[in-house]
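Notes follow the structure.
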Amino acid sequence: MNYWLVKSEPEEYGFQDLIDEEVGCWDGVRNYQARNNLRAMKIDDEVFFYHSRQGLEIVGIARVVREAYPDPTAEKGDWSAVDLSPIRWLSAPVSLKAIKSEPALSDMALVRNGRLSVMPISTDHHTLIMKMAGEDPS
DNA sequence: GCCAACGTTGGC
DNA sequence: GCCAACGTTGGC
């Protein structure tokens with residue numbers, strides 16, 4: 001089981017939209033690093049859902065339900081999409097501010113590379129973030 | 001809305 | 001293959 005984090009502007013496509021859709025196609029990624037991360041996702045991997053621009057916090061958890069396939073929105077180029085399903089809202093959202101003020105999370109890509117929209121999350125970071133979100137680690 | 005940081009493009 | 005110019009992302 002691997003952990004990931006994806007960013008989306010809630011005005012564009014927020015966690016509520018994923019809940020409404022039940023299965024969301026994660027397409028439109030046009031960055032090679034982000035694309036390669038999408039391709040490394042496996043069924044049932046857990047994905048933190050982060051609201052960028054507005055909110056600036058991790059709000060929910062999703063699950064990979066379909067592994068990488070050709071991005072239907074790509075007219076040219078070699079791009080990939082995955083499908084995600086919502087698991088649940090976090091008990092308490094974890095803000096970027098809280099993440100930045102946690103020394104153990106200072107090497108997260110979210111902090112180091114503000115522009116990467118799909119990134120892996122280490123098990124240690126995942127555990128800590130779940131704790132910060134008031135989630136039972138079990 | 002601004003602008004810094006980053007990635008990509010294209011001229012040489 | 002270098003690097004300046006440009007476009008985009010996303011925090012502030």
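Letters A, B, ... mark the chains of the structure tokens in the order given; residue numbers begin at 1 per chain; ligand numbers begin at 1, in order shown.
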So which residues of region 5-110 of chain A fall under helix (DSSP H, G or I) by DSSP, listed as a VMD selection string? chain A and resid 10 to 13 15 to 21 32 to 39 96 to 100 103 to 105 109 to 110
File of the preceding selection, N, CA, C and O atoms, as a compact mmCIF listing (two decimals), in the first residue's frame:
```txt
# COMPACT_ATOMS: atom_id res chain seq x y z
N PRO A 10 -10.62 23.74 -5.17
CA PRO A 10 -12.00 23.34 -4.85
C PRO A 10 -13.03 24.00 -5.77
O PRO A 10 -14.09 23.42 -6.02
N GLU A 11 -12.71 25.18 -6.29
CA GLU A 11 -13.63 25.83 -7.24
C GLU A 11 -13.73 25.04 -8.53
O GLU A 11 -14.76 25.01 -9.18
N GLU A 12 -12.60 24.40 -8.85
CA GLU A 12 -12.53 23.62 -10.09
C GLU A 12 -13.12 22.23 -9.89
O GLU A 12 -14.00 21.79 -10.61
N TYR A 13 -12.58 21.55 -8.89
CA TYR A 13 -13.02 20.18 -8.58
C TYR A 13 -12.61 19.87 -7.15
O TYR A 13 -11.45 19.56 -6.90
N PHE A 15 -13.28 18.11 -3.12
CA PHE A 15 -13.55 16.77 -2.58
C PHE A 15 -15.05 16.47 -2.63
O PHE A 15 -15.46 15.33 -2.85
N GLN A 16 -15.86 17.50 -2.42
CA GLN A 16 -17.31 17.29 -2.50
C GLN A 16 -17.72 16.81 -3.90
O GLN A 16 -18.62 15.99 -4.04
N ASP A 17 -17.02 17.34 -4.91
CA ASP A 17 -17.34 16.90 -6.28
C ASP A 17 -17.03 15.43 -6.47
O ASP A 17 -17.76 14.71 -7.14
N LEU A 18 -15.91 14.99 -5.86
CA LEU A 18 -15.54 13.57 -5.95
C LEU A 18 -16.59 12.70 -5.24
O LEU A 18 -16.97 11.63 -5.72
N ILE A 19 -17.06 13.19 -4.09
CA ILE A 19 -18.09 12.45 -3.36
C ILE A 19 -19.37 12.36 -4.20
O ILE A 19 -19.99 11.30 -4.30
N ASP A 20 -19.72 13.48 -4.83
CA ASP A 20 -20.93 13.48 -5.67
C ASP A 20 -20.80 12.52 -6.84
O ASP A 20 -21.76 11.86 -7.23
N GLU A 21 -19.60 12.45 -7.40
CA GLU A 21 -19.38 11.61 -8.59
C GLU A 21 -19.18 10.13 -8.25
O GLU A 21 -19.35 9.28 -9.11
N TYR A 32 5.39 16.07 -16.16
CA TYR A 32 5.95 14.72 -16.25
C TYR A 32 6.12 14.05 -14.90
O TYR A 32 5.85 12.86 -14.74
N GLN A 33 6.58 14.82 -13.94
CA GLN A 33 6.79 14.25 -12.62
C GLN A 33 5.44 13.79 -12.03
O GLN A 33 5.32 12.69 -11.49
N ALA A 34 4.45 14.64 -12.16
CA ALA A 34 3.12 14.30 -11.66
C ALA A 34 2.56 13.10 -12.41
O ALA A 34 1.98 12.19 -11.82
N ARG A 35 2.78 13.07 -13.73
CA ARG A 35 2.30 11.96 -14.53
C ARG A 35 2.95 10.65 -14.09
O ARG A 35 2.28 9.61 -13.96
N ASN A 36 4.26 10.70 -13.87
CA ASN A 36 4.94 9.48 -13.44
C ASN A 36 4.44 9.01 -12.09
O ASN A 36 4.34 7.80 -11.84
N ASN A 37 4.08 9.94 -11.23
CA ASN A 37 3.49 9.56 -9.95
C ASN A 37 2.13 8.91 -10.15
O ASN A 37 1.81 7.90 -9.51
N LEU A 38 1.33 9.45 -11.07
CA LEU A 38 0.03 8.83 -11.38
C LEU A 38 0.23 7.40 -11.83
O LEU A 38 -0.51 6.49 -11.44
N ARG A 39 1.26 7.20 -12.66
CA ARG A 39 1.49 5.85 -13.22
C ARG A 39 1.97 4.87 -12.17
O ARG A 39 1.88 3.65 -12.37
N LEU A 96 -2.02 23.59 5.33
CA LEU A 96 -0.64 23.78 4.88
C LEU A 96 0.18 24.44 5.99
O LEU A 96 1.34 24.10 6.20
N LYS A 97 -0.47 25.36 6.68
CA LYS A 97 0.20 26.05 7.78
C LYS A 97 0.65 25.06 8.85
O LYS A 97 1.78 25.11 9.34
N ALA A 98 -0.25 24.14 9.20
CA ALA A 98 0.09 23.13 10.21
C ALA A 98 1.21 22.23 9.71
O ALA A 98 2.11 21.85 10.47
N ILE A 99 1.15 21.89 8.43
CA ILE A 99 2.19 21.03 7.85
C ILE A 99 3.53 21.75 7.88
O ILE A 99 4.56 21.17 8.23
N LYS A 100 3.52 23.04 7.52
CA LYS A 100 4.76 23.81 7.49
C LYS A 100 5.34 24.01 8.88
O LYS A 100 6.55 24.19 9.03
N PRO A 103 8.11 20.25 11.99
CA PRO A 103 9.46 20.00 11.47
C PRO A 103 9.60 18.65 10.76
O PRO A 103 10.31 18.54 9.76
N ALA A 104 8.90 17.63 11.28
CA ALA A 104 9.03 16.30 10.68
C ALA A 104 8.48 16.25 9.25
O ALA A 104 8.75 15.31 8.51
N LEU A 105 7.72 17.27 8.87
CA LEU A 105 7.12 17.28 7.53
C LEU A 105 7.80 18.28 6.60
O LEU A 105 7.32 18.54 5.50
N ALA A 109 7.06 17.10 -0.33
CA ALA A 109 7.05 17.79 -1.62
C ALA A 109 6.06 18.95 -1.61
O ALA A 109 6.24 19.96 -2.28
N LEU A 110 5.02 18.80 -0.81
CA LEU A 110 4.02 19.87 -0.71
C LEU A 110 4.67 21.18 -0.25
O LEU A 110 4.29 22.27 -0.68
```
Please return, as a list of chain:residue names, all residues of chain A lying within 9 Å of chain B when only C-alpha atoms (C1' of nucleotides) are considered. A:Asn31, A:Asn113, A:Gly114, A:Arg115
Could you pull out the strand (DSSP E) residues of region 27-119 of chain A from DSSP and send them as a ChimeraX atom specification? /A:46-51,57-70,80-95,118-119
Limited to C-alpha atoms, could you put the picked residues into a file as a PDB file, in the first residue's frame?
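Listing of again01.pdb after writing:
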```
ATOM      1  CA  GLU A  46      -4.773   5.877  -0.457  1.00  0.00           C
ATOM      2  CA  VAL A  47      -4.709   9.439  -1.677  1.00  0.00           C
ATOM      3  CA  PHE A  48      -4.869  12.601   0.388  1.00  0.00           C
ATOM      4  CA  PHE A  49      -7.055  15.207  -1.283  1.00  0.00           C
ATOM      5  CA  TYR A  50      -5.640  18.712  -0.917  1.00  0.00           C
ATOM      6  CA  HIS A  51      -7.466  21.935  -1.730  1.00  0.00           C
ATOM      7  CA  GLU A  57      -5.627  22.066   3.499  1.00  0.00           C
ATOM      8  CA  ILE A  58      -5.906  18.313   3.172  1.00  0.00           C
ATOM      9  CA  VAL A  59      -9.622  17.698   3.443  1.00  0.00           C
ATOM     10  CA  GLY A  60     -10.238  14.068   2.624  1.00  0.00           C
ATOM     11  CA  ILE A  61      -8.998  10.629   1.706  1.00  0.00           C
ATOM     12  CA  ALA A  62      -9.619   8.865  -1.571  1.00  0.00           C
ATOM     13  CA  ARG A  63      -8.741   5.478  -2.993  1.00  0.00           C
ATOM     14  CA  VAL A  64      -7.291   4.479  -6.345  1.00  0.00           C
ATOM     15  CA  VAL A  65      -9.941   2.406  -8.141  1.00  0.00           C
ATOM     16  CA  ARG A  66      -8.375   2.295 -11.614  1.00  0.00           C
ATOM     17  CA  GLU A  67      -4.689   2.396 -12.417  1.00  0.00           C
ATOM     18  CA  ALA A  68      -3.137   4.622 -15.043  1.00  0.00           C
ATOM     19  CA  TYR A  69      -4.705   4.667 -18.506  1.00  0.00           C
ATOM     20  CA  PRO A  70      -4.366   7.135 -21.400  1.00  0.00           C
ATOM     21  CA  SER A  80      -2.135   9.400 -18.076  1.00  0.00           C
ATOM     22  CA  ALA A  81      -5.171   9.472 -15.841  1.00  0.00           C
ATOM     23  CA  VAL A  82      -6.354   7.351 -12.920  1.00  0.00           C
ATOM     24  CA  ASP A  83      -9.755   6.938 -11.297  1.00  0.00           C
ATOM     25  CA  LEU A  84     -10.304   7.821  -7.651  1.00  0.00           C
ATOM     26  CA  SER A  85     -13.177   7.171  -5.283  1.00  0.00           C
ATOM     27  CA  PRO A  86     -13.746   9.087  -2.062  1.00  0.00           C
ATOM     28  CA  ILE A  87     -13.240   7.271   1.233  1.00  0.00           C
ATOM     29  CA  ARG A  88     -14.224  10.010   3.679  1.00  0.00           C
ATOM     30  CA  TRP A  89     -13.630  13.545   4.856  1.00  0.00           C
ATOM     31  CA  LEU A  90     -10.894  13.860   7.458  1.00  0.00           C
ATOM     32  CA  SER A  91     -12.148  14.397  11.009  1.00  0.00           C
ATOM     33  CA  ALA A  92     -10.162  17.619  10.970  1.00  0.00           C
ATOM     34  CA  PRO A  93      -8.557  19.098   7.861  1.00  0.00           C
ATOM     35  CA  VAL A  94      -4.781  19.434   7.976  1.00  0.00           C
ATOM     36  CA  SER A  95      -3.747  22.879   6.831  1.00  0.00           C
ATOM     37  CA  VAL A 118       0.594  14.652  -7.599  1.00  0.00           C
ATOM     38  CA  MET A 119       3.131  13.422  -5.079  1.00  0.00           C
TER      39      MET A 119
END
```
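CA of Asp45 (chain A) sits 18.6 Å away from CA of Val29 (chain A).
When only C-alpha atoms are used to measure the gap to Ser52 (chain A), the shortest distance among A:Glu9, A:Asp71, A:Asp27, A:Glu22 belongs to A:Glu9.
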Could you work out how far CA of Val23 (chain A) lies from CA of Leu128 (chain A), giving the answer in Å with one decimal? 27.2 Å
